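Visitor: A single structure is presented below for examination.
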Amino acid sequence: MVAIVPVLYAVFYKNEHRDKVILAVVCSMMFILLALRKPFSDVISYQTAYNSFKGISLREVLKDFHLIKTSSFGEMEWGYSFLCWLFVTLGVPFQVFLAVESAFCVFCVYDFVRRNSVNIPLSIALIIGFGAFDYMFIVIRQSMAFGFLLLSVESIKKRNLPVFLLFVLAAMMIHRTAALFLIVYPLSYLPITRLNVTIFSCASLLIFPLYPVLEKHVVGRIMGLFSKEIYMLDVSFEFSELILVIVLIVVVLMIFPDFSKKSDVKTQTVFWAFLISLPVQAVTCYLSILGRLSTLMYLPFASVAIPNLLETNDNKKLVRVLEILFYVAVFAYYAFCLYCDKRILEIVPYRLFFID
C-alpha cells in the first residue's frame, strides 16, 4: 500500500482528482485487509469477550456503567462493552462486527487526511508507515478511540469545545487512555515557534533522568486511577528507536518551514497532537505498554503536520525533495519494522478468515 502511492501518483498525474483517487484506493485496501482478517492473538480474546454477551440483558449492561473503570464484562470500557452487547443482541457475527469496526476506523483516517492534508498521497503513506495501520489489526478498542479523536479535529478547528468534549468522551468510553487528548485543545492555541517547540521537547526528554521520581508521584498514580497497577510491576529501561524518529521529525520541522507565516489552527492542532508522542514515548522506554499509545494515537498526526508545515517554505523544489525523502525514509523504516517484527504484533503472515 505504501509502495503503490507513487505508482498511482504517476498514473493519475494529470487527473484533477488524483489525490482523492489515491486516498480512496489505499483506504479501500486498508479496509479489505482489516475486514477480512482472521482473528488472531489478542483478537481471539476480543472474540471470546464478544460472544460472552449472549444472554445478557440491557438492564445488566446499564447497571454496569462506569466512565473510568472497566466494566465487569470482559474487563473492558463500558462503551465498548455496550457496543458488543448491541451487536450480539442484533445477532451480528463477530466477523461482521470486525468489518464494521474496520470501516469506522478507516473512514476516520480517510476523512481526517482528506480534510486536513495539503499533500494527501504523502499523508496516507506516512500514516501506514508510522505503524497506525499495524495496530488497527489487533488493538481494536484503542483503534476505535483513535477514530473518534481524528473526528474531533474538526471541532477544534471550529473552536467548538462542547463537541470536542463529546468526541473525546466517546473515545474514552471505548479506551480510557484517550483522556490525554484533552490537552490538545488548549495546545492548539499555542503558536508553532522554534522556542515553543524547543521548550516542549526538552521538557519531554527530561523524563529520562527524572523517571524514577515521576514513576512514584505521577505515572504510578495515573496507572492506579485506571486500575493498571499491574503494569508497574515490570518496569525496566529499554531504549526505543522510535524516539529518535520523533526527534528527527521535530528537528526537520524546525529547520525548513517558514515561521514568518502564521500557522493556521488546523496545522497547530495536528502538530501539537503529534508532539505529545515525544513525552509518551519517553515514558514508553520504561513502561513498554504505553508504546501503543504513542504509535497509534499521537504519532499519526505527524502525517499531516509534516506536509502542512513544509509547504510554508516558498522554495517548492526543496519542499518536493524533502517530501520524497520523508516518503523513502518512512518506507524503509516500515519495512524494517515489519521484517524485524519490532512491534511484536504477529500480523505477518496475513490470513483470511474464510481460509483455514
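Just remember, in the C-alpha cells the first chain shown is A, the second B, etc., residues are 1-based per chain, and ligands are 1-based in the order shown.
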With the cut-off set at 8 Å and counting only C-alpha atoms, tabulate each residue of stretch 254-296 of chain A with an atom at most that distance from an atom of stretch 199-202 of chain A, showing the nearest atom pair and its distance in Å to one decimal, ordered by chain and increasing number, as a tab-separated table.

Guide:
```
residue	atom	partner	partner_atom	distance
A:Leu275	CA	A:Ser201	CA	8.0
A:Leu278	CA	A:Ser201	CA	7.2
A:Pro279	CA	A:Ser201	CA	7.9
```

Visitor: Okay, now the selection with C-alpha atoms, as an mmCIF file, in the first residue's frame?

Guide:
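Final file, out.cif:
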```cif
data_model
loop_
_atom_site.group_PDB
_atom_site.id
_atom_site.type_symbol
_atom_site.label_atom_id
_atom_site.label_comp_id
_atom_site.auth_asym_id
_atom_site.auth_seq_id
_atom_site.Cartn_x
_atom_site.Cartn_y
_atom_site.Cartn_z
ATOM 1 C CA LEU A 275 4.390 16.255 19.606
ATOM 2 C CA LEU A 278 7.514 12.548 22.403
ATOM 3 C CA PRO A 279 6.891 12.560 26.201
#
```

Visitor: For the interface of stretch 108-135 of chain A with stretch 151-173 of chain A (cut-off 12 Å, counting only C-alpha atoms), please tabulate each contacting residue of stretch 108-135 of chain A alongside its nearest pair of atoms and their separation in Å to one decimal, rows sorted by chain and increasing number, as CSV.

Guide:
```
residue,atom,partner,partner_atom,distance
A:Cys108,CA,A:Leu151,CA,6.4
A:Val109,CA,A:Leu151,CA,8.7
A:Tyr110,CA,A:Leu151,CA,10.4
A:Asp111,CA,A:Leu151,CA,7.8
A:Phe112,CA,A:Leu151,CA,6.8
A:Val113,CA,A:Leu151,CA,10.6
A:Arg114,CA,A:Leu151,CA,11.8
A:Arg115,CA,A:Glu154,CA,8.6
A:Asn116,CA,A:Glu154,CA,9.1
```

Visitor: How far is it from atom CA of A:Gln281 to atom CA of A:Leu150, in Å with one decimal?

Guide: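 About the pair atom CA of A:Gln281 and atom CA of A:Leu150: they are 19.9 Å apart.
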
Visitor: Have a look at A:Ile128, A:Leu322, A:Ile183, A:Ile140 and name the one nearest to A:Leu338; count only C-alpha atoms.

Guide: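 The shortest atom-to-atom distance to A:Leu338 comes from A:Ile128.
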
Visitor: Can you build me a table of stretch 67-164 of chain A residues sitting at most 8 Å from stretch 35-52 of chain A, with the closest atom pair per residue and its distance in Å to one decimal, using only C-alpha atoms, sorted by chain and residue number, as a tab-separated table?

Guide:
```
residue	atom	partner	partner_atom	distance
A:Phe73	CA	A:Ala49	CA	7.6
A:Gly74	CA	A:Ala49	CA	5.6
A:Cys84	CA	A:Tyr50	CA	5.7
A:Trp85	CA	A:Tyr50	CA	7.5
A:Val88	CA	A:Asn51	CA	7.2
A:Phe94	CA	A:Gln47	CA	6.4
A:Gln95	CA	A:Ala35	CA	7.6
A:Val96	CA	A:Ala35	CA	7.9
A:Leu98	CA	A:Ala35	CA	6.0
A:Ala99	CA	A:Ala35	CA	4.2
A:Val100	CA	A:Ala35	CA	7.7
A:Ser102	CA	A:Ala35	CA	5.8
A:Ala103	CA	A:Ala35	CA	7.6
A:Phe137	CA	A:Arg37	CA	7.9
A:Ile138	CA	A:Val43	CA	5.8
A:Val139	CA	A:Asp42	CA	7.6
A:Ile140	CA	A:Val43	CA	7.7
```

Visitor: Measuring between only C-alpha atoms, which one of A:Cys340, A:Met1, A:Met297, A:Leu352 shows the shortest distance to A:Leu34?

Guide: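 Comparing A:Cys340, A:Met1, A:Met297, A:Leu352 against A:Leu34, the winner is A:Leu352.
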
Visitor: Could you check the closest approach to A:Pro121 for each of A:Val245, A:Val2, A:Val348, A:Val321 and tell me which residue wins, using only C-alpha atoms?

Guide: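 When distances to A:Pro121 are compared using only C-alpha atoms, the smallest one comes from A:Val2.
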
Visitor: What separation in Å, quoted to one decimal, exists between atom CA of A:Thr269 and atom CA of A:Pro186?

Guide: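 The value is 9.3 Å.
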
Visitor: Please list as an mmCIF file with C-alpha atoms, in the first residue's frame every residue within 12 Å of A:Pro209, counting only C-alpha atoms and excluding residues in the same chain fewer than 6 positions away.

Guide:
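Result file follows (part.cif):
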```
data_model
loop_
_atom_site.group_PDB
_atom_site.id
_atom_site.type_symbol
_atom_site.label_atom_id
_atom_site.label_comp_id
_atom_site.auth_asym_id
_atom_site.auth_seq_id
_atom_site.Cartn_x
_atom_site.Cartn_y
_atom_site.Cartn_z
ATOM 1 C CA CYS A 202 13.497 19.497 26.130
ATOM 2 C CA ALA A 203 10.933 19.165 28.909
ATOM 3 C CA GLU A 215 7.151 6.886 38.462
ATOM 4 C CA PHE A 237 14.576 0.735 30.749
ATOM 5 C CA ALA A 282 9.982 8.738 26.610
ATOM 6 C CA VAL A 283 7.865 7.074 29.313
ATOM 7 C CA CYS A 285 11.182 3.406 27.254
ATOM 8 C CA TYR A 286 10.440 2.445 30.876
#
```

Visitor: A:Ile207, A:Met136, A:Ala179, A:Ile246: which is nearest A:Val330, counting only C-alpha atoms?

Guide: A:Ile246

Visitor: With distances taken over only C-alpha atoms, which residue among A:Ala3, A:Ala273, A:Ile324, A:Leu58 lies nearest A:Ser188?

Guide: A:Ala273

Visitor: Residues near A:Pro307, anyone? I mean within 12 Å using only C-alpha atoms, not counting same-chain ones fewer than 5 positions away, as JSON, numbers by chain.

Guide: {"A": [113, 116, 117, 118, 119, 120, 121, 122, 123, 124, 125, 126, 249, 252, 253, 256, 257, 267, 270, 271, 301, 302, 312, 313, 316, 319, 320, 321, 322, 323, 324, 325, 326, 327]}

Visitor: Record the distance separating atom CA of A:Lys63 and atom CA of A:Phe104, expressed in Å with one decimal.

Guide: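 One can read the atom CA of A:Lys63 to atom CA of A:Phe104 distance as 27.3 Å.
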
Visitor: Give the helix (DSSP H, G or I) residues of stretch 91-169 of chain A, as DSSP finds them on the backbone, and put them as a PDB file with N, CA and C atoms, in the first residue's frame.

Guide:
```
ATOM      1  N   PHE A  94     -19.236 -12.104  14.966  1.00  0.00           N
ATOM      2  CA  PHE A  94     -18.057 -11.321  15.329  1.00  0.00           C
ATOM      3  C   PHE A  94     -17.305 -10.828  14.102  1.00  0.00           C
ATOM      4  N   GLN A  95     -17.239 -11.635  13.042  1.00  0.00           N
ATOM      5  CA  GLN A  95     -16.505 -11.216  11.844  1.00  0.00           C
ATOM      6  C   GLN A  95     -17.149  -9.992  11.194  1.00  0.00           C
ATOM      7  N   VAL A  96     -18.465  -9.919  11.246  1.00  0.00           N
ATOM      8  CA  VAL A  96     -19.168  -8.746  10.714  1.00  0.00           C
ATOM      9  C   VAL A  96     -18.901  -7.534  11.618  1.00  0.00           C
ATOM     10  N   PHE A  97     -18.884  -7.770  12.931  1.00  0.00           N
ATOM     11  CA  PHE A  97     -18.542  -6.703  13.871  1.00  0.00           C
ATOM     12  C   PHE A  97     -17.150  -6.165  13.564  1.00  0.00           C
ATOM     13  N   LEU A  98     -16.208  -7.055  13.273  1.00  0.00           N
ATOM     14  CA  LEU A  98     -14.850  -6.637  12.900  1.00  0.00           C
ATOM     15  C   LEU A  98     -14.874  -5.770  11.646  1.00  0.00           C
ATOM     16  N   ALA A  99     -15.705  -6.157  10.668  1.00  0.00           N
ATOM     17  CA  ALA A  99     -15.795  -5.400   9.420  1.00  0.00           C
ATOM     18  C   ALA A  99     -16.352  -4.000   9.669  1.00  0.00           C
ATOM     19  N   VAL A 100     -17.378  -3.905  10.531  1.00  0.00           N
ATOM     20  CA  VAL A 100     -17.959  -2.592  10.859  1.00  0.00           C
ATOM     21  C   VAL A 100     -16.934  -1.730  11.590  1.00  0.00           C
ATOM     22  N   GLU A 101     -16.242  -2.329  12.554  1.00  0.00           N
ATOM     23  CA  GLU A 101     -15.209  -1.607  13.297  1.00  0.00           C
ATOM     24  C   GLU A 101     -14.104  -1.137  12.354  1.00  0.00           C
ATOM     25  N   SER A 102     -13.721  -1.990  11.412  1.00  0.00           N
ATOM     26  CA  SER A 102     -12.683  -1.631  10.434  1.00  0.00           C
ATOM     27  C   SER A 102     -13.142  -0.485   9.549  1.00  0.00           C
ATOM     28  N   ALA A 103     -14.400  -0.536   9.125  1.00  0.00           N
ATOM     29  CA  ALA A 103     -14.945   0.519   8.270  1.00  0.00           C
ATOM     30  C   ALA A 103     -14.921   1.863   8.997  1.00  0.00           C
ATOM     31  N   PHE A 104     -15.274   1.847  10.275  1.00  0.00           N
ATOM     32  CA  PHE A 104     -15.268   3.081  11.064  1.00  0.00           C
ATOM     33  C   PHE A 104     -13.863   3.657  11.164  1.00  0.00           C
ATOM     34  N   CYS A 105     -12.897   2.818  11.511  1.00  0.00           N
ATOM     35  CA  CYS A 105     -11.519   3.285  11.695  1.00  0.00           C
ATOM     36  C   CYS A 105     -10.942   3.840  10.393  1.00  0.00           C
ATOM     37  N   VAL A 106     -11.155   3.116   9.293  1.00  0.00           N
ATOM     38  CA  VAL A 106     -10.602   3.555   8.009  1.00  0.00           C
ATOM     39  C   VAL A 106     -11.301   4.825   7.527  1.00  0.00           C
ATOM     40  N   PHE A 107     -12.622   4.919   7.741  1.00  0.00           N
ATOM     41  CA  PHE A 107     -13.329   6.143   7.354  1.00  0.00           C
ATOM     42  C   PHE A 107     -12.770   7.346   8.095  1.00  0.00           C
ATOM     43  N   CYS A 108     -12.485   7.187   9.383  1.00  0.00           N
ATOM     44  CA  CYS A 108     -11.949   8.297  10.187  1.00  0.00           C
ATOM     45  C   CYS A 108     -10.596   8.745   9.649  1.00  0.00           C
ATOM     46  N   VAL A 109      -9.758   7.786   9.258  1.00  0.00           N
ATOM     47  CA  VAL A 109      -8.462   8.122   8.654  1.00  0.00           C
ATOM     48  C   VAL A 109      -8.679   8.860   7.333  1.00  0.00           C
ATOM     49  N   TYR A 110      -9.576   8.324   6.503  1.00  0.00           N
ATOM     50  CA  TYR A 110      -9.880   8.926   5.203  1.00  0.00           C
ATOM     51  C   TYR A 110     -10.363  10.366   5.371  1.00  0.00           C
ATOM     52  N   ASP A 111     -11.315  10.568   6.273  1.00  0.00           N
ATOM     53  CA  ASP A 111     -11.900  11.885   6.483  1.00  0.00           C
ATOM     54  C   ASP A 111     -10.870  12.865   7.037  1.00  0.00           C
ATOM     55  N   PHE A 112     -10.042  12.407   7.964  1.00  0.00           N
ATOM     56  CA  PHE A 112      -9.022  13.264   8.579  1.00  0.00           C
ATOM     57  C   PHE A 112      -8.008  13.729   7.545  1.00  0.00           C
ATOM     58  N   VAL A 113      -7.493  12.813   6.744  1.00  0.00           N
ATOM     59  CA  VAL A 113      -6.486  13.166   5.736  1.00  0.00           C
ATOM     60  C   VAL A 113      -7.102  14.068   4.663  1.00  0.00           C
ATOM     61  N   ARG A 114      -8.304  13.719   4.194  1.00  0.00           N
ATOM     62  CA  ARG A 114      -8.964  14.488   3.132  1.00  0.00           C
ATOM     63  C   ARG A 114      -9.198  15.935   3.555  1.00  0.00           C
ATOM     64  N   ARG A 115      -9.591  16.146   4.790  1.00  0.00           N
ATOM     65  CA  ARG A 115      -9.934  17.484   5.252  1.00  0.00           C
ATOM     66  C   ARG A 115      -8.722  18.335   5.647  1.00  0.00           C
ATOM     67  N   ASN A 116      -7.620  17.701   6.012  1.00  0.00           N
ATOM     68  CA  ASN A 116      -6.557  18.461   6.671  1.00  0.00           C
ATOM     69  C   ASN A 116      -5.208  18.500   5.960  1.00  0.00           C
ATOM     70  N   ILE A 120      -2.091  14.875   0.228  1.00  0.00           N
ATOM     71  CA  ILE A 120      -2.820  13.661   0.606  1.00  0.00           C
ATOM     72  C   ILE A 120      -2.024  12.378   0.347  1.00  0.00           C
ATOM     73  N   PRO A 121      -1.382  12.209  -0.821  1.00  0.00           N
ATOM     74  CA  PRO A 121      -0.624  10.962  -1.059  1.00  0.00           C
ATOM     75  C   PRO A 121       0.460  10.713  -0.011  1.00  0.00           C
ATOM     76  N   LEU A 122       1.204  11.774   0.326  1.00  0.00           N
ATOM     77  CA  LEU A 122       2.264  11.607   1.330  1.00  0.00           C
ATOM     78  C   LEU A 122       1.661  11.283   2.694  1.00  0.00           C
ATOM     79  N   SER A 123       0.568  11.931   3.056  1.00  0.00           N
ATOM     80  CA  SER A 123      -0.034  11.735   4.377  1.00  0.00           C
ATOM     81  C   SER A 123      -0.510  10.304   4.586  1.00  0.00           C
ATOM     82  N   ILE A 124      -1.192   9.737   3.593  1.00  0.00           N
ATOM     83  CA  ILE A 124      -1.703   8.375   3.776  1.00  0.00           C
ATOM     84  C   ILE A 124      -0.558   7.365   3.817  1.00  0.00           C
ATOM     85  N   ALA A 125       0.521   7.631   3.073  1.00  0.00           N
ATOM     86  CA  ALA A 125       1.698   6.756   3.129  1.00  0.00           C
ATOM     87  C   ALA A 125       2.363   6.833   4.497  1.00  0.00           C
ATOM     88  N   LEU A 126       2.416   8.043   5.064  1.00  0.00           N
ATOM     89  CA  LEU A 126       3.044   8.218   6.371  1.00  0.00           C
ATOM     90  C   LEU A 126       2.220   7.566   7.479  1.00  0.00           C
ATOM     91  N   ILE A 127       0.888   7.666   7.401  1.00  0.00           N
ATOM     92  CA  ILE A 127       0.046   7.049   8.425  1.00  0.00           C
ATOM     93  C   ILE A 127       0.311   5.550   8.500  1.00  0.00           C
ATOM     94  N   ILE A 128       0.412   4.920   7.333  1.00  0.00           N
ATOM     95  CA  ILE A 128       0.686   3.483   7.313  1.00  0.00           C
ATOM     96  C   ILE A 128       2.112   3.211   7.777  1.00  0.00           C
ATOM     97  N   GLY A 129       3.058   3.983   7.257  1.00  0.00           N
ATOM     98  CA  GLY A 129       4.460   3.744   7.589  1.00  0.00           C
ATOM     99  C   GLY A 129       4.801   3.972   9.044  1.00  0.00           C
ATOM    100  N   ALA A 132       0.354   3.059  12.496  1.00  0.00           N
ATOM    101  CA  ALA A 132      -1.029   3.100  12.983  1.00  0.00           C
ATOM    102  C   ALA A 132      -1.861   1.973  12.385  1.00  0.00           C
ATOM    103  N   PHE A 133      -1.647   1.696  11.103  1.00  0.00           N
ATOM    104  CA  PHE A 133      -2.410   0.640  10.437  1.00  0.00           C
ATOM    105  C   PHE A 133      -2.103  -0.730  11.046  1.00  0.00           C
ATOM    106  N   ASP A 134      -0.843  -0.954  11.401  1.00  0.00           N
ATOM    107  CA  ASP A 134      -0.463  -2.222  12.039  1.00  0.00           C
ATOM    108  C   ASP A 134      -1.283  -2.473  13.298  1.00  0.00           C
ATOM    109  N   TYR A 135      -1.377  -1.445  14.130  1.00  0.00           N
ATOM    110  CA  TYR A 135      -2.071  -1.601  15.407  1.00  0.00           C
ATOM    111  C   TYR A 135      -3.572  -1.781  15.223  1.00  0.00           C
ATOM    112  N   MET A 136      -4.121  -1.297  14.108  1.00  0.00           N
ATOM    113  CA  MET A 136      -5.545  -1.484  13.860  1.00  0.00           C
ATOM    114  C   MET A 136      -5.910  -2.957  13.685  1.00  0.00           C
ATOM    115  N   ILE A 140      -8.118  -3.299  18.979  1.00  0.00           N
ATOM    116  CA  ILE A 140      -9.431  -2.899  18.479  1.00  0.00           C
ATOM    117  C   ILE A 140      -9.990  -1.688  19.218  1.00  0.00           C
ATOM    118  N   ARG A 141     -10.023  -1.726  20.539  1.00  0.00           N
ATOM    119  CA  ARG A 141     -10.619  -0.629  21.300  1.00  0.00           C
ATOM    120  C   ARG A 141      -9.859   0.675  21.093  1.00  0.00           C
ATOM    121  N   GLN A 142      -8.547   0.608  21.155  1.00  0.00           N
ATOM    122  CA  GLN A 142      -7.754   1.816  21.011  1.00  0.00           C
ATOM    123  C   GLN A 142      -7.865   2.377  19.597  1.00  0.00           C
ATOM    124  N   SER A 143      -8.020   1.494  18.605  1.00  0.00           N
ATOM    125  CA  SER A 143      -8.185   1.946  17.228  1.00  0.00           C
ATOM    126  C   SER A 143      -9.493   2.706  17.061  1.00  0.00           C
ATOM    127  N   MET A 144     -10.557   2.202  17.686  1.00  0.00           N
ATOM    128  CA  MET A 144     -11.845   2.899  17.620  1.00  0.00           C
ATOM    129  C   MET A 144     -11.770   4.249  18.340  1.00  0.00           C
ATOM    130  N   ALA A 145     -11.103   4.268  19.479  1.00  0.00           N
ATOM    131  CA  ALA A 145     -10.931   5.525  20.217  1.00  0.00           C
ATOM    132  C   ALA A 145     -10.141   6.520  19.382  1.00  0.00           C
ATOM    133  N   PHE A 146      -9.111   6.042  18.705  1.00  0.00           N
ATOM    134  CA  PHE A 146      -8.303   6.889  17.828  1.00  0.00           C
ATOM    135  C   PHE A 146      -9.167   7.495  16.726  1.00  0.00           C
ATOM    136  N   GLY A 147     -10.117   6.710  16.216  1.00  0.00           N
ATOM    137  CA  GLY A 147     -11.024   7.216  15.194  1.00  0.00           C
ATOM    138  C   GLY A 147     -11.816   8.415  15.684  1.00  0.00           C
ATOM    139  N   PHE A 148     -12.333   8.333  16.899  1.00  0.00           N
ATOM    140  CA  PHE A 148     -13.085   9.459  17.470  1.00  0.00           C
ATOM    141  C   PHE A 148     -12.189  10.688  17.658  1.00  0.00           C
ATOM    142  N   LEU A 149     -10.931  10.460  18.020  1.00  0.00           N
ATOM    143  CA  LEU A 149     -10.009  11.586  18.195  1.00  0.00           C
ATOM    144  C   LEU A 149      -9.738  12.278  16.861  1.00  0.00           C
ATOM    145  N   LEU A 150      -9.619  11.488  15.795  1.00  0.00           N
ATOM    146  CA  LEU A 150      -9.433  12.079  14.465  1.00  0.00           C
ATOM    147  C   LEU A 150     -10.641  12.932  14.085  1.00  0.00           C
ATOM    148  N   LEU A 151     -11.829  12.436  14.402  1.00  0.00           N
ATOM    149  CA  LEU A 151     -13.044  13.187  14.094  1.00  0.00           C
ATOM    150  C   LEU A 151     -13.131  14.478  14.902  1.00  0.00           C
ATOM    151  N   SER A 152     -12.526  14.485  16.091  1.00  0.00           N
ATOM    152  CA  SER A 152     -12.616  15.662  16.970  1.00  0.00           C
ATOM    153  C   SER A 152     -11.832  16.854  16.449  1.00  0.00           C
ATOM    154  N   VAL A 153     -10.913  16.621  15.506  1.00  0.00           N
ATOM    155  CA  VAL A 153     -10.080  17.709  14.996  1.00  0.00           C
ATOM    156  C   VAL A 153     -10.933  18.811  14.364  1.00  0.00           C
ATOM    157  N   GLU A 154     -12.018  18.424  13.696  1.00  0.00           N
ATOM    158  CA  GLU A 154     -12.891  19.426  13.079  1.00  0.00           C
ATOM    159  C   GLU A 154     -13.486  20.367  14.118  1.00  0.00           C
ATOM    160  N   SER A 155     -13.856  19.831  15.275  1.00  0.00           N
ATOM    161  CA  SER A 155     -14.431  20.678  16.323  1.00  0.00           C
ATOM    162  C   SER A 155     -13.383  21.613  16.927  1.00  0.00           C
ATOM    163  N   ILE A 156     -12.109  21.189  16.933  1.00  0.00           N
ATOM    164  CA  ILE A 156     -11.046  22.079  17.412  1.00  0.00           C
ATOM    165  C   ILE A 156     -10.868  23.223  16.430  1.00  0.00           C
ATOM    166  N   LYS A 157     -10.880  22.905  15.133  1.00  0.00           N
ATOM    167  CA  LYS A 157     -10.719  23.934  14.099  1.00  0.00           C
ATOM    168  C   LYS A 157     -11.829  24.982  14.181  1.00  0.00           C
ATOM    169  N   LEU A 161     -15.868  23.760  21.643  1.00  0.00           N
ATOM    170  CA  LEU A 161     -15.421  22.967  22.785  1.00  0.00           C
ATOM    171  C   LEU A 161     -16.420  21.879  23.193  1.00  0.00           C
ATOM    172  N   PRO A 162     -17.731  22.141  23.264  1.00  0.00           N
ATOM    173  CA  PRO A 162     -18.679  21.091  23.665  1.00  0.00           C
ATOM    174  C   PRO A 162     -18.620  19.862  22.755  1.00  0.00           C
ATOM    175  N   VAL A 163     -18.557  20.090  21.441  1.00  0.00           N
ATOM    176  CA  VAL A 163     -18.493  18.955  20.503  1.00  0.00           C
ATOM    177  C   VAL A 163     -17.176  18.210  20.662  1.00  0.00           C
ATOM    178  N   PHE A 164     -16.083  18.959  20.850  1.00  0.00           N
ATOM    179  CA  PHE A 164     -14.780  18.325  21.084  1.00  0.00           C
ATOM    180  C   PHE A 164     -14.833  17.412  22.307  1.00  0.00           C
ATOM    181  N   LEU A 165     -15.414  17.910  23.386  1.00  0.00           N
ATOM    182  CA  LEU A 165     -15.509  17.121  24.619  1.00  0.00           C
ATOM    183  C   LEU A 165     -16.361  15.871  24.410  1.00  0.00           C
ATOM    184  N   LEU A 166     -17.402  15.986  23.596  1.00  0.00           N
ATOM    185  CA  LEU A 166     -18.251  14.817  23.314  1.00  0.00           C
ATOM    186  C   LEU A 166     -17.472  13.754  22.556  1.00  0.00           C
ATOM    187  N   PHE A 167     -16.658  14.174  21.576  1.00  0.00           N
ATOM    188  CA  PHE A 167     -15.847  13.215  20.817  1.00  0.00           C
ATOM    189  C   PHE A 167     -14.822  12.526  21.721  1.00  0.00           C
ATOM    190  N   VAL A 168     -14.157  13.317  22.567  1.00  0.00           N
ATOM    191  CA  VAL A 168     -13.157  12.726  23.465  1.00  0.00           C
ATOM    192  C   VAL A 168     -13.832  11.817  24.488  1.00  0.00           C
ATOM    193  N   LEU A 169     -15.006  12.201  24.962  1.00  0.00           N
ATOM    194  CA  LEU A 169     -15.752  11.357  25.892  1.00  0.00           C
ATOM    195  C   LEU A 169     -16.110  10.027  25.230  1.00  0.00           C
TER     196      LEU A 169
END
```
